[in-house]
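S.K.: File model-v6.cif follows (mmCIF, N, CA and C atoms and all ligand atoms):
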data_my_file
loop_
_atom_site.label_atom_id
_atom_site.label_comp_id
_atom_site.auth_asym_id
_atom_site.auth_seq_id
_atom_site.Cartn_x
_atom_site.Cartn_y
_atom_site.Cartn_z
N MET A 1 1.80 6.71 194.60
CA MET A 1 1.18 5.49 195.09
C MET A 1 2.18 4.69 195.93
N THR A 2 1.71 4.19 197.03
CA THR A 2 2.58 3.44 197.94
C THR A 2 2.94 2.08 197.33
N VAL A 3 4.21 1.75 197.42
CA VAL A 3 4.68 0.46 196.90
C VAL A 3 4.13 -0.67 197.77
N ARG A 4 3.72 -1.75 197.11
CA ARG A 4 3.20 -2.92 197.82
C ARG A 4 4.24 -4.04 197.77
N HIS A 5 4.36 -4.76 198.85
CA HIS A 5 5.26 -5.91 198.89
C HIS A 5 4.47 -7.10 199.42
N GLU A 6 4.71 -8.26 198.83
CA GLU A 6 3.98 -9.45 199.23
C GLU A 6 4.92 -10.55 199.73
N GLY A 7 4.32 -11.47 200.45
CA GLY A 7 5.09 -12.61 200.93
C GLY A 7 4.16 -13.68 201.43
N GLY A 8 4.74 -14.69 202.06
CA GLY A 8 3.90 -15.77 202.58
C GLY A 8 4.75 -16.93 203.05
N CYS A 9 4.04 -17.98 203.43
CA CYS A 9 4.70 -19.17 203.99
C CYS A 9 5.20 -20.08 202.86
N VAL A 10 5.93 -21.11 203.22
CA VAL A 10 6.50 -21.98 202.18
C VAL A 10 5.45 -22.82 201.44
N CYS A 11 4.31 -23.13 202.09
CA CYS A 11 3.31 -23.96 201.40
C CYS A 11 2.31 -23.12 200.61
N GLY A 12 2.30 -21.81 200.86
CA GLY A 12 1.42 -20.93 200.09
C GLY A 12 0.03 -20.76 200.69
N ALA A 13 -0.27 -21.40 201.81
CA ALA A 13 -1.60 -21.31 202.40
C ALA A 13 -1.87 -19.92 203.00
N VAL A 14 -0.83 -19.26 203.46
CA VAL A 14 -0.97 -17.92 204.04
C VAL A 14 -0.15 -16.93 203.22
N ARG A 15 -0.78 -15.82 202.89
CA ARG A 15 -0.10 -14.76 202.15
C ARG A 15 -0.24 -13.46 202.94
N PHE A 16 0.70 -12.55 202.73
CA PHE A 16 0.56 -11.22 203.32
C PHE A 16 0.95 -10.15 202.33
N LEU A 17 0.39 -8.97 202.58
CA LEU A 17 0.62 -7.79 201.74
C LEU A 17 0.93 -6.63 202.68
N VAL A 18 2.00 -5.89 202.38
CA VAL A 18 2.32 -4.70 203.17
C VAL A 18 2.42 -3.50 202.24
N LEU A 19 2.19 -2.33 202.82
CA LEU A 19 2.31 -1.09 202.07
C LEU A 19 3.57 -0.36 202.50
N GLY A 20 4.46 -0.12 201.54
CA GLY A 20 5.66 0.67 201.79
C GLY A 20 6.75 -0.08 202.52
N ASP A 21 7.75 0.70 202.95
CA ASP A 21 8.88 0.14 203.70
C ASP A 21 8.50 -0.02 205.16
N PRO A 22 9.15 -0.96 205.85
CA PRO A 22 8.93 -1.06 207.30
C PRO A 22 9.54 0.14 208.01
N GLU A 23 9.08 0.36 209.24
CA GLU A 23 9.65 1.44 210.05
C GLU A 23 11.10 1.14 210.40
N ARG A 24 11.39 -0.14 210.57
CA ARG A 24 12.74 -0.57 210.89
C ARG A 24 12.83 -2.07 210.68
N VAL A 25 14.04 -2.56 210.65
CA VAL A 25 14.28 -4.00 210.63
C VAL A 25 15.12 -4.32 211.85
N THR A 26 14.62 -5.24 212.68
CA THR A 26 15.31 -5.58 213.91
C THR A 26 15.85 -7.00 213.82
N MET A 27 17.14 -7.13 214.02
CA MET A 27 17.75 -8.46 214.09
C MET A 27 18.04 -8.75 215.55
N CYS A 28 17.25 -9.68 216.11
CA CYS A 28 17.33 -9.94 217.55
C CYS A 28 18.09 -11.23 217.83
N HIS A 29 19.20 -11.08 218.56
CA HIS A 29 20.08 -12.21 218.87
C HIS A 29 19.77 -12.83 220.22
N CYS A 30 18.60 -12.53 220.79
CA CYS A 30 18.29 -13.12 222.10
C CYS A 30 18.10 -14.64 221.96
N THR A 31 18.27 -15.36 223.05
CA THR A 31 18.21 -16.82 222.97
C THR A 31 16.81 -17.30 222.59
N TRP A 32 15.78 -16.52 222.97
CA TRP A 32 14.41 -16.88 222.62
C TRP A 32 14.22 -16.81 221.10
N CYS A 33 14.73 -15.76 220.46
CA CYS A 33 14.62 -15.65 219.00
C CYS A 33 15.46 -16.71 218.30
N GLN A 34 16.61 -17.06 218.88
CA GLN A 34 17.40 -18.15 218.29
C GLN A 34 16.58 -19.44 218.28
N ARG A 35 15.87 -19.68 219.36
CA ARG A 35 15.12 -20.92 219.45
C ARG A 35 13.89 -20.91 218.55
N ARG A 36 13.14 -19.79 218.54
CA ARG A 36 11.90 -19.76 217.75
C ARG A 36 12.17 -19.80 216.25
N THR A 37 13.37 -19.31 215.83
CA THR A 37 13.70 -19.34 214.41
C THR A 37 14.60 -20.51 214.06
N GLY A 38 15.22 -21.12 215.05
CA GLY A 38 16.19 -22.17 214.77
C GLY A 38 17.42 -21.64 214.08
N SER A 39 17.74 -20.37 214.32
CA SER A 39 18.83 -19.74 213.58
C SER A 39 19.65 -18.84 214.50
N ALA A 40 20.55 -18.05 213.92
CA ALA A 40 21.44 -17.22 214.74
C ALA A 40 20.70 -16.04 215.34
N PHE A 41 19.67 -15.54 214.65
CA PHE A 41 18.89 -14.40 215.16
C PHE A 41 17.58 -14.31 214.39
N GLY A 42 16.62 -13.61 214.97
CA GLY A 42 15.36 -13.35 214.28
C GLY A 42 15.49 -12.03 213.51
N THR A 43 14.93 -11.96 212.31
CA THR A 43 14.99 -10.74 211.50
C THR A 43 13.58 -10.27 211.22
N GLU A 44 13.16 -9.24 211.94
CA GLU A 44 11.78 -8.78 211.87
C GLU A 44 11.67 -7.43 211.16
N ALA A 45 10.85 -7.39 210.11
CA ALA A 45 10.50 -6.12 209.46
C ALA A 45 9.28 -5.58 210.21
N VAL A 46 9.42 -4.41 210.82
CA VAL A 46 8.41 -3.89 211.73
C VAL A 46 7.53 -2.85 211.01
N TYR A 47 6.24 -3.18 210.91
CA TYR A 47 5.27 -2.33 210.22
C TYR A 47 4.20 -1.80 211.17
N PRO A 48 3.65 -0.62 210.87
CA PRO A 48 2.41 -0.24 211.56
C PRO A 48 1.35 -1.27 211.20
N LYS A 49 0.59 -1.68 212.19
CA LYS A 49 -0.38 -2.76 212.01
C LYS A 49 -1.34 -2.52 210.84
N ASP A 50 -1.72 -1.26 210.65
CA ASP A 50 -2.72 -0.95 209.61
C ASP A 50 -2.14 -0.99 208.19
N ARG A 51 -0.86 -1.28 208.04
CA ARG A 51 -0.28 -1.41 206.70
C ARG A 51 0.01 -2.87 206.34
N VAL A 52 -0.52 -3.79 207.15
CA VAL A 52 -0.31 -5.23 206.93
C VAL A 52 -1.66 -5.91 206.74
N THR A 53 -1.78 -6.68 205.66
CA THR A 53 -2.99 -7.48 205.42
C THR A 53 -2.57 -8.93 205.24
N VAL A 54 -3.20 -9.82 206.00
CA VAL A 54 -2.90 -11.26 205.88
C VAL A 54 -4.11 -11.94 205.26
N SER A 55 -3.87 -12.85 204.32
CA SER A 55 -4.97 -13.54 203.65
C SER A 55 -4.68 -15.03 203.55
N GLY A 56 -5.70 -15.78 203.13
CA GLY A 56 -5.55 -17.22 203.00
C GLY A 56 -5.96 -17.93 204.28
N GLU A 57 -5.31 -19.05 204.54
CA GLU A 57 -5.63 -19.85 205.72
C GLU A 57 -5.41 -19.03 207.00
N ALA A 58 -6.29 -19.22 207.99
CA ALA A 58 -6.14 -18.46 209.24
C ALA A 58 -4.81 -18.80 209.91
N LEU A 59 -4.13 -17.75 210.38
CA LEU A 59 -2.87 -17.96 211.07
C LEU A 59 -3.09 -18.69 212.38
N ARG A 60 -2.16 -19.54 212.76
CA ARG A 60 -2.12 -20.10 214.10
C ARG A 60 -1.31 -19.15 214.98
N VAL A 61 -1.58 -19.17 216.27
CA VAL A 61 -0.90 -18.26 217.19
C VAL A 61 -0.41 -19.03 218.40
N TYR A 62 0.81 -18.80 218.77
CA TYR A 62 1.32 -19.27 220.06
C TYR A 62 1.59 -18.05 220.93
N ARG A 63 0.94 -17.98 222.07
CA ARG A 63 1.13 -16.84 222.96
C ARG A 63 2.18 -17.16 224.01
N HIS A 64 3.25 -16.42 223.98
CA HIS A 64 4.32 -16.58 224.97
C HIS A 64 4.18 -15.46 225.99
N ARG A 65 4.26 -15.81 227.27
CA ARG A 65 4.21 -14.78 228.30
C ARG A 65 5.56 -14.71 229.00
N SER A 66 6.10 -13.50 229.05
CA SER A 66 7.44 -13.32 229.63
C SER A 66 7.42 -13.55 231.12
N ASP A 67 8.34 -14.38 231.60
CA ASP A 67 8.51 -14.59 233.04
C ASP A 67 8.90 -13.29 233.73
N LEU A 68 9.66 -12.48 233.03
CA LEU A 68 10.19 -11.25 233.63
C LEU A 68 9.15 -10.15 233.70
N SER A 69 8.54 -9.83 232.56
CA SER A 69 7.64 -8.68 232.51
C SER A 69 6.18 -9.07 232.72
N GLY A 70 5.84 -10.34 232.50
CA GLY A 70 4.45 -10.78 232.57
C GLY A 70 3.65 -10.42 231.33
N ARG A 71 4.29 -9.74 230.37
CA ARG A 71 3.58 -9.34 229.15
C ARG A 71 3.60 -10.46 228.12
N TRP A 72 2.57 -10.46 227.24
CA TRP A 72 2.51 -11.49 226.21
C TRP A 72 3.13 -11.04 224.89
N LEU A 73 3.46 -12.04 224.12
CA LEU A 73 3.99 -11.85 222.78
C LEU A 73 3.40 -12.98 221.95
N ASP A 74 2.74 -12.65 220.84
CA ASP A 74 2.14 -13.67 219.99
C ASP A 74 3.05 -14.02 218.82
N GLN A 75 3.31 -15.31 218.67
CA GLN A 75 4.05 -15.81 217.52
C GLN A 75 3.04 -16.34 216.52
N HIS A 76 3.04 -15.79 215.32
CA HIS A 76 2.11 -16.22 214.28
C HIS A 76 2.81 -17.20 213.34
N PHE A 77 2.07 -18.23 212.93
CA PHE A 77 2.67 -19.21 212.03
C PHE A 77 1.60 -19.91 211.21
N CYS A 78 2.03 -20.47 210.09
CA CYS A 78 1.11 -21.22 209.23
C CYS A 78 0.78 -22.55 209.88
N GLY A 79 -0.51 -22.86 210.00
CA GLY A 79 -0.93 -24.10 210.63
C GLY A 79 -0.67 -25.32 209.77
N THR A 80 -0.38 -25.12 208.50
CA THR A 80 -0.10 -26.25 207.61
C THR A 80 1.39 -26.56 207.54
N CYS A 81 2.21 -25.53 207.29
CA CYS A 81 3.65 -25.79 207.09
C CYS A 81 4.51 -25.31 208.25
N GLY A 82 3.94 -24.52 209.16
CA GLY A 82 4.71 -24.09 210.33
C GLY A 82 5.61 -22.90 210.13
N THR A 83 5.61 -22.32 208.94
CA THR A 83 6.49 -21.15 208.70
C THR A 83 6.19 -20.04 209.70
N ASN A 84 7.25 -19.48 210.26
CA ASN A 84 7.18 -18.31 211.13
C ASN A 84 6.66 -17.12 210.33
N LEU A 85 5.57 -16.50 210.81
CA LEU A 85 5.00 -15.36 210.08
C LEU A 85 4.85 -14.15 210.99
N GLY A 86 5.78 -13.97 211.87
CA GLY A 86 5.90 -12.71 212.58
C GLY A 86 5.30 -12.68 213.96
N LEU A 87 5.35 -11.49 214.53
CA LEU A 87 5.03 -11.30 215.94
C LEU A 87 4.10 -10.11 216.14
N THR A 88 3.28 -10.20 217.20
CA THR A 88 2.64 -9.02 217.77
C THR A 88 2.96 -9.02 219.26
N LEU A 89 3.12 -7.82 219.82
CA LEU A 89 3.58 -7.67 221.18
C LEU A 89 2.61 -6.81 221.99
N GLU A 90 2.33 -7.28 223.20
CA GLU A 90 1.48 -6.49 224.08
C GLU A 90 2.07 -5.10 224.33
N VAL A 91 3.40 -5.04 224.40
CA VAL A 91 4.07 -3.79 224.74
C VAL A 91 4.00 -2.77 223.59
N ALA A 92 3.74 -3.23 222.35
CA ALA A 92 3.70 -2.32 221.20
C ALA A 92 2.54 -2.70 220.29
N PRO A 93 1.29 -2.46 220.75
CA PRO A 93 0.11 -2.94 220.01
C PRO A 93 -0.07 -2.31 218.63
N GLU A 94 0.64 -1.23 218.37
CA GLU A 94 0.46 -0.53 217.09
C GLU A 94 1.28 -1.16 215.97
N VAL A 95 2.14 -2.14 216.30
CA VAL A 95 3.00 -2.70 215.26
C VAL A 95 2.76 -4.19 215.04
N ARG A 96 3.13 -4.62 213.85
CA ARG A 96 3.08 -6.03 213.44
C ARG A 96 4.39 -6.31 212.74
N SER A 97 5.12 -7.29 213.20
CA SER A 97 6.37 -7.61 212.51
C SER A 97 6.18 -8.81 211.60
N LEU A 98 6.98 -8.81 210.54
CA LEU A 98 7.00 -9.94 209.61
C LEU A 98 8.45 -10.35 209.41
N PRO A 99 8.73 -11.64 209.30
CA PRO A 99 10.11 -12.06 209.13
C PRO A 99 10.61 -11.68 207.73
N ALA A 100 11.79 -11.07 207.70
CA ALA A 100 12.32 -10.56 206.43
C ALA A 100 12.40 -11.66 205.37
N GLY A 101 12.70 -12.89 205.80
CA GLY A 101 12.88 -13.97 204.85
C GLY A 101 11.60 -14.49 204.23
N ALA A 102 10.44 -14.04 204.72
CA ALA A 102 9.16 -14.54 204.19
C ALA A 102 8.61 -13.67 203.05
N PHE A 103 9.31 -12.59 202.73
CA PHE A 103 8.88 -11.77 201.58
C PHE A 103 9.25 -12.47 200.27
N ASP A 104 8.39 -12.32 199.26
CA ASP A 104 8.68 -12.94 197.96
C ASP A 104 10.00 -12.41 197.41
N ASP A 105 10.20 -11.11 197.55
CA ASP A 105 11.44 -10.50 197.08
C ASP A 105 11.95 -9.54 198.16
N PRO A 106 12.74 -10.05 199.09
CA PRO A 106 13.18 -9.22 200.22
C PRO A 106 14.25 -8.20 199.85
N ALA A 107 14.57 -8.07 198.55
CA ALA A 107 15.67 -7.18 198.15
C ALA A 107 15.39 -5.72 198.51
N PHE A 108 14.11 -5.36 198.69
CA PHE A 108 13.80 -3.96 199.03
C PHE A 108 14.20 -3.62 200.46
N LEU A 109 14.43 -4.64 201.27
CA LEU A 109 14.84 -4.41 202.66
C LEU A 109 16.34 -4.15 202.67
N LYS A 110 16.70 -2.86 202.63
CA LYS A 110 18.10 -2.47 202.53
C LYS A 110 18.46 -1.54 203.67
N ALA A 111 19.63 -1.77 204.26
CA ALA A 111 20.08 -0.94 205.37
C ALA A 111 20.36 0.49 204.94
N SER A 112 20.42 0.75 203.63
CA SER A 112 20.70 2.11 203.17
C SER A 112 19.49 3.02 203.34
N GLY A 113 18.30 2.49 203.28
CA GLY A 113 17.13 3.36 203.36
C GLY A 113 16.23 3.12 204.56
N ILE A 114 16.46 2.04 205.27
CA ILE A 114 15.60 1.64 206.38
C ILE A 114 16.50 1.45 207.60
N PRO A 115 16.09 1.91 208.79
CA PRO A 115 16.91 1.65 209.98
C PRO A 115 17.01 0.15 210.26
N PHE A 116 18.22 -0.35 210.28
CA PHE A 116 18.50 -1.73 210.64
C PHE A 116 19.18 -1.72 212.01
N ARG A 117 18.81 -2.66 212.83
CA ARG A 117 19.29 -2.61 214.20
C ARG A 117 19.50 -4.03 214.73
N HIS A 118 20.71 -4.31 215.18
CA HIS A 118 20.99 -5.59 215.85
C HIS A 118 20.84 -5.39 217.34
N ILE A 119 20.08 -6.28 217.99
CA ILE A 119 19.89 -6.15 219.44
C ILE A 119 20.20 -7.48 220.14
N PHE A 120 20.39 -7.38 221.43
CA PHE A 120 20.73 -8.52 222.28
C PHE A 120 21.99 -9.26 221.80
N LEU A 121 22.98 -8.46 221.40
CA LEU A 121 24.25 -9.07 220.98
C LEU A 121 24.96 -9.74 222.16
N SER A 122 24.49 -9.44 223.37
CA SER A 122 25.07 -10.10 224.54
C SER A 122 24.93 -11.61 224.47
N SER A 123 23.90 -12.10 223.73
CA SER A 123 23.74 -13.55 223.61
C SER A 123 24.01 -14.04 222.18
N SER A 124 24.69 -13.21 221.38
CA SER A 124 25.03 -13.63 220.02
C SER A 124 25.90 -14.87 220.03
N ARG A 125 25.62 -15.80 219.10
CA ARG A 125 26.43 -17.01 219.00
C ARG A 125 27.64 -16.82 218.11
N GLY A 126 27.69 -15.69 217.43
CA GLY A 126 28.85 -15.44 216.57
C GLY A 126 28.82 -16.24 215.28
N TRP A 127 27.63 -16.74 214.89
CA TRP A 127 27.53 -17.48 213.62
C TRP A 127 27.41 -16.54 212.43
N ALA A 128 27.06 -15.29 212.71
CA ALA A 128 26.89 -14.32 211.64
C ALA A 128 27.42 -12.98 212.13
N ASP A 129 28.31 -12.38 211.37
CA ASP A 129 28.91 -11.12 211.78
C ASP A 129 27.94 -9.96 211.57
N VAL A 130 28.02 -8.97 212.44
CA VAL A 130 27.28 -7.72 212.25
C VAL A 130 28.14 -6.82 211.36
N PRO A 131 27.59 -6.34 210.24
CA PRO A 131 28.41 -5.50 209.35
C PRO A 131 28.91 -4.25 210.06
N ASP A 132 30.10 -3.81 209.69
CA ASP A 132 30.66 -2.59 210.26
C ASP A 132 29.70 -1.42 210.04
N GLY A 133 29.55 -0.61 211.06
CA GLY A 133 28.75 0.60 210.93
C GLY A 133 27.27 0.41 211.17
N MET A 134 26.82 -0.85 211.36
CA MET A 134 25.39 -1.06 211.59
C MET A 134 25.07 -0.87 213.07
N GLU A 135 23.90 -0.26 213.33
CA GLU A 135 23.51 -0.01 214.71
C GLU A 135 23.42 -1.32 215.49
N ALA A 136 24.03 -1.35 216.65
CA ALA A 136 24.08 -2.60 217.42
C ALA A 136 24.01 -2.29 218.90
N HIS A 137 23.28 -3.15 219.61
CA HIS A 137 23.08 -2.96 221.05
C HIS A 137 23.34 -4.27 221.78
N GLU A 138 23.95 -4.18 222.94
CA GLU A 138 24.18 -5.38 223.74
C GLU A 138 22.87 -5.96 224.24
N MET A 139 21.90 -5.07 224.58
CA MET A 139 20.60 -5.53 225.04
C MET A 139 19.54 -4.92 224.11
N HIS A 140 18.41 -4.49 224.67
CA HIS A 140 17.38 -3.88 223.84
C HIS A 140 17.70 -2.41 223.61
N PHE A 141 17.22 -1.86 222.50
CA PHE A 141 17.45 -0.45 222.22
C PHE A 141 16.51 0.44 223.04
N ARG A 142 15.41 -0.19 223.51
CA ARG A 142 14.42 0.57 224.26
C ARG A 142 14.55 0.17 225.73
N PRO A 143 15.14 1.02 226.57
CA PRO A 143 15.36 0.61 227.95
C PRO A 143 14.07 0.12 228.60
N GLY A 144 14.13 -1.06 229.18
CA GLY A 144 12.96 -1.63 229.83
C GLY A 144 12.04 -2.33 228.87
N GLY A 145 12.32 -2.23 227.55
CA GLY A 145 11.43 -2.83 226.57
C GLY A 145 11.84 -4.23 226.26
ZN ZN B 1 2.11 -22.66 204.98
ZN ZN B 2 14.67 -11.76 220.46
#
Before anything else, please render the file you have as structure tokens.
Ligand SMILES: [Zn+2]
Ligand SMILES: [Zn+2]

M.R.:
Amino acid sequence: MTVRHEGGCVCGAVRFLVLGDPERVTMCHCTWCQRRTGSAFGTEAVYPKDRVTVSGEALRVYRHRSDLSGRWLDQHFCGTCGTNLGLTLEVAPEVRSLPAGAFDDPAFLKASGIPFRHIFLSSSRGWADVPDGMEAHEMHFRPGG
């Protein structure tokens, strides 16, 4: 049986359920992720869309369109408390990301069993070190992505 993991926003109005481990965890140090999270980088657990179920209050969405690519990216958040609840991307419609910190018990997200990847280190603020041996890229890991 596939392991289930749950999470949600700080006020409890929105909950989510995922099946199994994410395909990868991406820590993005781009300036846009710094701003949207208010932190050193965004930490996204990337799931196939069909393994994510969201319940409770309807998510609010802010659609950002890239000046460079013209493609959209949806930022999902709780309309009551504003908690960041992940992303969907026009460029990768098959996936849904959830922020690692929004899981009730994020301890299952371990670099030993799941690919962890730091990207856009070119704009890292240096507030948090990348552990030795962890996959790291100056820009995106997917050329053109
Ligand atoms: Zn909330
Ligand atoms: Zn980013």

S.K.: Enumerate as a PyMOL selection string the residues within 5 Å of ligand ZN 2 (chain B), counting all atoms listed in the file.

M.R.: chain A and resi 28-30+33

S.K.: Within 8 Å of ligand ZN 1 (chain B), counting only N, CA and C atoms and all ligand atoms, which protein or nucleic acid residues do you find, written as a ChimeraX atom specification?

M.R.: /A:8-15,77-83

S.K.: State, in Å with one decimal place, the distance from atom CA of A:Ser69 to atom C of A:Val91.

M.R.: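 Value for the atom CA of A:Ser69-atom C of A:Val91 distance: 11.3 Å.
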
S.K.: Taking into account all atoms listed in the file, which residue in the set A:Thr31, A:Ser122, A:Thr37, A:Thr26 is nearest to A:Asn84?

M.R.: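 Checking each of A:Thr31, A:Ser122, A:Thr37, A:Thr26 against A:Asn84, counting all atoms listed in the file, the winner is A:Thr37.
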
S.K.: Could you put an axis-aligned box around every listed atom of stretch 96-103 of chain A, padded by 4 Å on each side, and send me its centre and edge lengths in Å to one decimal, as AutoDock Vina command-line options?

M.R.:
--center_x 8.0 --center_y -9.6 --center_z 207.1 --size_x 17.8 --size_y 17.9 --size_z 21.6

S.K.: Could you pull the residues within 8 Å of A:Met27, counting only N, CA and C atoms, minus those fewer than 3 positions along the same chain, as a ChimeraX atom specification?

M.R.: /A:24,30,40-45,116-121

S.K.: Would you mind exporting N, CA and C atoms of the selected residues as a PDB file, in the frame of the given file?

M.R.:
ATOM      1  N   ARG A  24      11.390  -0.140 210.570  1.00  0.00           N
ATOM      2  CA  ARG A  24      12.740  -0.570 210.890  1.00  0.00           C
ATOM      3  C   ARG A  24      12.830  -2.070 210.680  1.00  0.00           C
ATOM      4  N   CYS A  30      18.600 -12.530 220.790  1.00  0.00           N
ATOM      5  CA  CYS A  30      18.290 -13.120 222.100  1.00  0.00           C
ATOM      6  C   CYS A  30      18.100 -14.640 221.960  1.00  0.00           C
ATOM      7  N   ALA A  40      20.550 -18.050 213.920  1.00  0.00           N
ATOM      8  CA  ALA A  40      21.440 -17.220 214.740  1.00  0.00           C
ATOM      9  C   ALA A  40      20.700 -16.040 215.340  1.00  0.00           C
ATOM     10  N   PHE A  41      19.670 -15.540 214.650  1.00  0.00           N
ATOM     11  CA  PHE A  41      18.890 -14.400 215.160  1.00  0.00           C
ATOM     12  C   PHE A  41      17.580 -14.310 214.390  1.00  0.00           C
ATOM     13  N   GLY A  42      16.620 -13.610 214.970  1.00  0.00           N
ATOM     14  CA  GLY A  42      15.360 -13.350 214.280  1.00  0.00           C
ATOM     15  C   GLY A  42      15.490 -12.030 213.510  1.00  0.00           C
ATOM     16  N   THR A  43      14.930 -11.960 212.310  1.00  0.00           N
ATOM     17  CA  THR A  43      14.990 -10.740 211.500  1.00  0.00           C
ATOM     18  C   THR A  43      13.580 -10.270 211.220  1.00  0.00           C
ATOM     19  N   GLU A  44      13.160  -9.240 211.940  1.00  0.00           N
ATOM     20  CA  GLU A  44      11.780  -8.780 211.870  1.00  0.00           C
ATOM     21  C   GLU A  44      11.670  -7.430 211.160  1.00  0.00           C
ATOM     22  N   ALA A  45      10.850  -7.390 210.110  1.00  0.00           N
ATOM     23  CA  ALA A  45      10.500  -6.120 209.460  1.00  0.00           C
ATOM     24  C   ALA A  45       9.280  -5.580 210.210  1.00  0.00           C
ATOM     25  N   PHE A 116      18.220  -0.350 210.280  1.00  0.00           N
ATOM     26  CA  PHE A 116      18.500  -1.730 210.640  1.00  0.00           C
ATOM     27  C   PHE A 116      19.180  -1.720 212.010  1.00  0.00           C
ATOM     28  N   ARG A 117      18.810  -2.660 212.830  1.00  0.00           N
ATOM     29  CA  ARG A 117      19.290  -2.610 214.200  1.00  0.00           C
ATOM     30  C   ARG A 117      19.500  -4.030 214.730  1.00  0.00           C
ATOM     31  N   HIS A 118      20.710  -4.310 215.180  1.00  0.00           N
ATOM     32  CA  HIS A 118      20.990  -5.590 215.850  1.00  0.00           C
ATOM     33  C   HIS A 118      20.840  -5.390 217.340  1.00  0.00           C
ATOM     34  N   ILE A 119      20.080  -6.280 217.990  1.00  0.00           N
ATOM     35  CA  ILE A 119      19.890  -6.150 219.440  1.00  0.00           C
ATOM     36  C   ILE A 119      20.200  -7.480 220.140  1.00  0.00           C
ATOM     37  N   PHE A 120      20.390  -7.380 221.430  1.00  0.00           N
ATOM     38  CA  PHE A 120      20.730  -8.520 222.280  1.00  0.00           C
ATOM     39  C   PHE A 120      21.990  -9.260 221.800  1.00  0.00           C
ATOM     40  N   LEU A 121      22.980  -8.460 221.400  1.00  0.00           N
ATOM     41  CA  LEU A 121      24.250  -9.070 220.980  1.00  0.00           C
ATOM     42  C   LEU A 121      24.960  -9.740 222.160  1.00  0.00           C
TER      43      LEU A 121
END

S.K.: Would you list the contacts of A:Leu98 as an MDAnalysis selection string, taking every protein, DNA or RNA residue within 12 Å and counting only C-alpha atoms, but skipping same-chain residues closer than 2 positions in sequence?

M.R.: chainID A and resid 5:9 15:18 21:27 42:49 51:54 75:77 83:88 95:96 100:103 106 109

S.K.: Could you tell me how far atom C of A:Leu68 lies from atom N of A:Ala128, in Å and to one decimal?

M.R.: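 Separation between atom C of A:Leu68 and atom N of A:Ala128: 28.1 Å.
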
S.K.: Would you please give, as a list in words, all residues of stretch 16-134 of chain A that DSSP assigns to helix (DSSP H, G or I) based on the backbone?

M.R.: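 DSSP-assigned helix (DSSP H, G or I) residues in stretch 16-134 of chain A: Thr31, Trp32, Cys33, Gln34, Arg35, Arg36, Thr37, Lys49, Asp50, Arg51, Ala100, Gly101, Ala102, Pro106, Ala107, Phe108, Leu121, Ser122 and Ser123 of chain A.
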
S.K.: Quick one, how far is atom N of A:Trp72 from atom N of A:Ala92?

M.R.: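 About the pair atom N of A:Trp72 and atom N of A:Ala92: they are 8.8 Å apart.
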
S.K.: Just asking: which residues within chain A are strand (DSSP E) according to DSSP, as a ChimeraX atom specification?

M.R.: /A:4-8,14-19,24-28,42-48,52-56,60-65,72-77,84-89,95-99,116-119,135-136
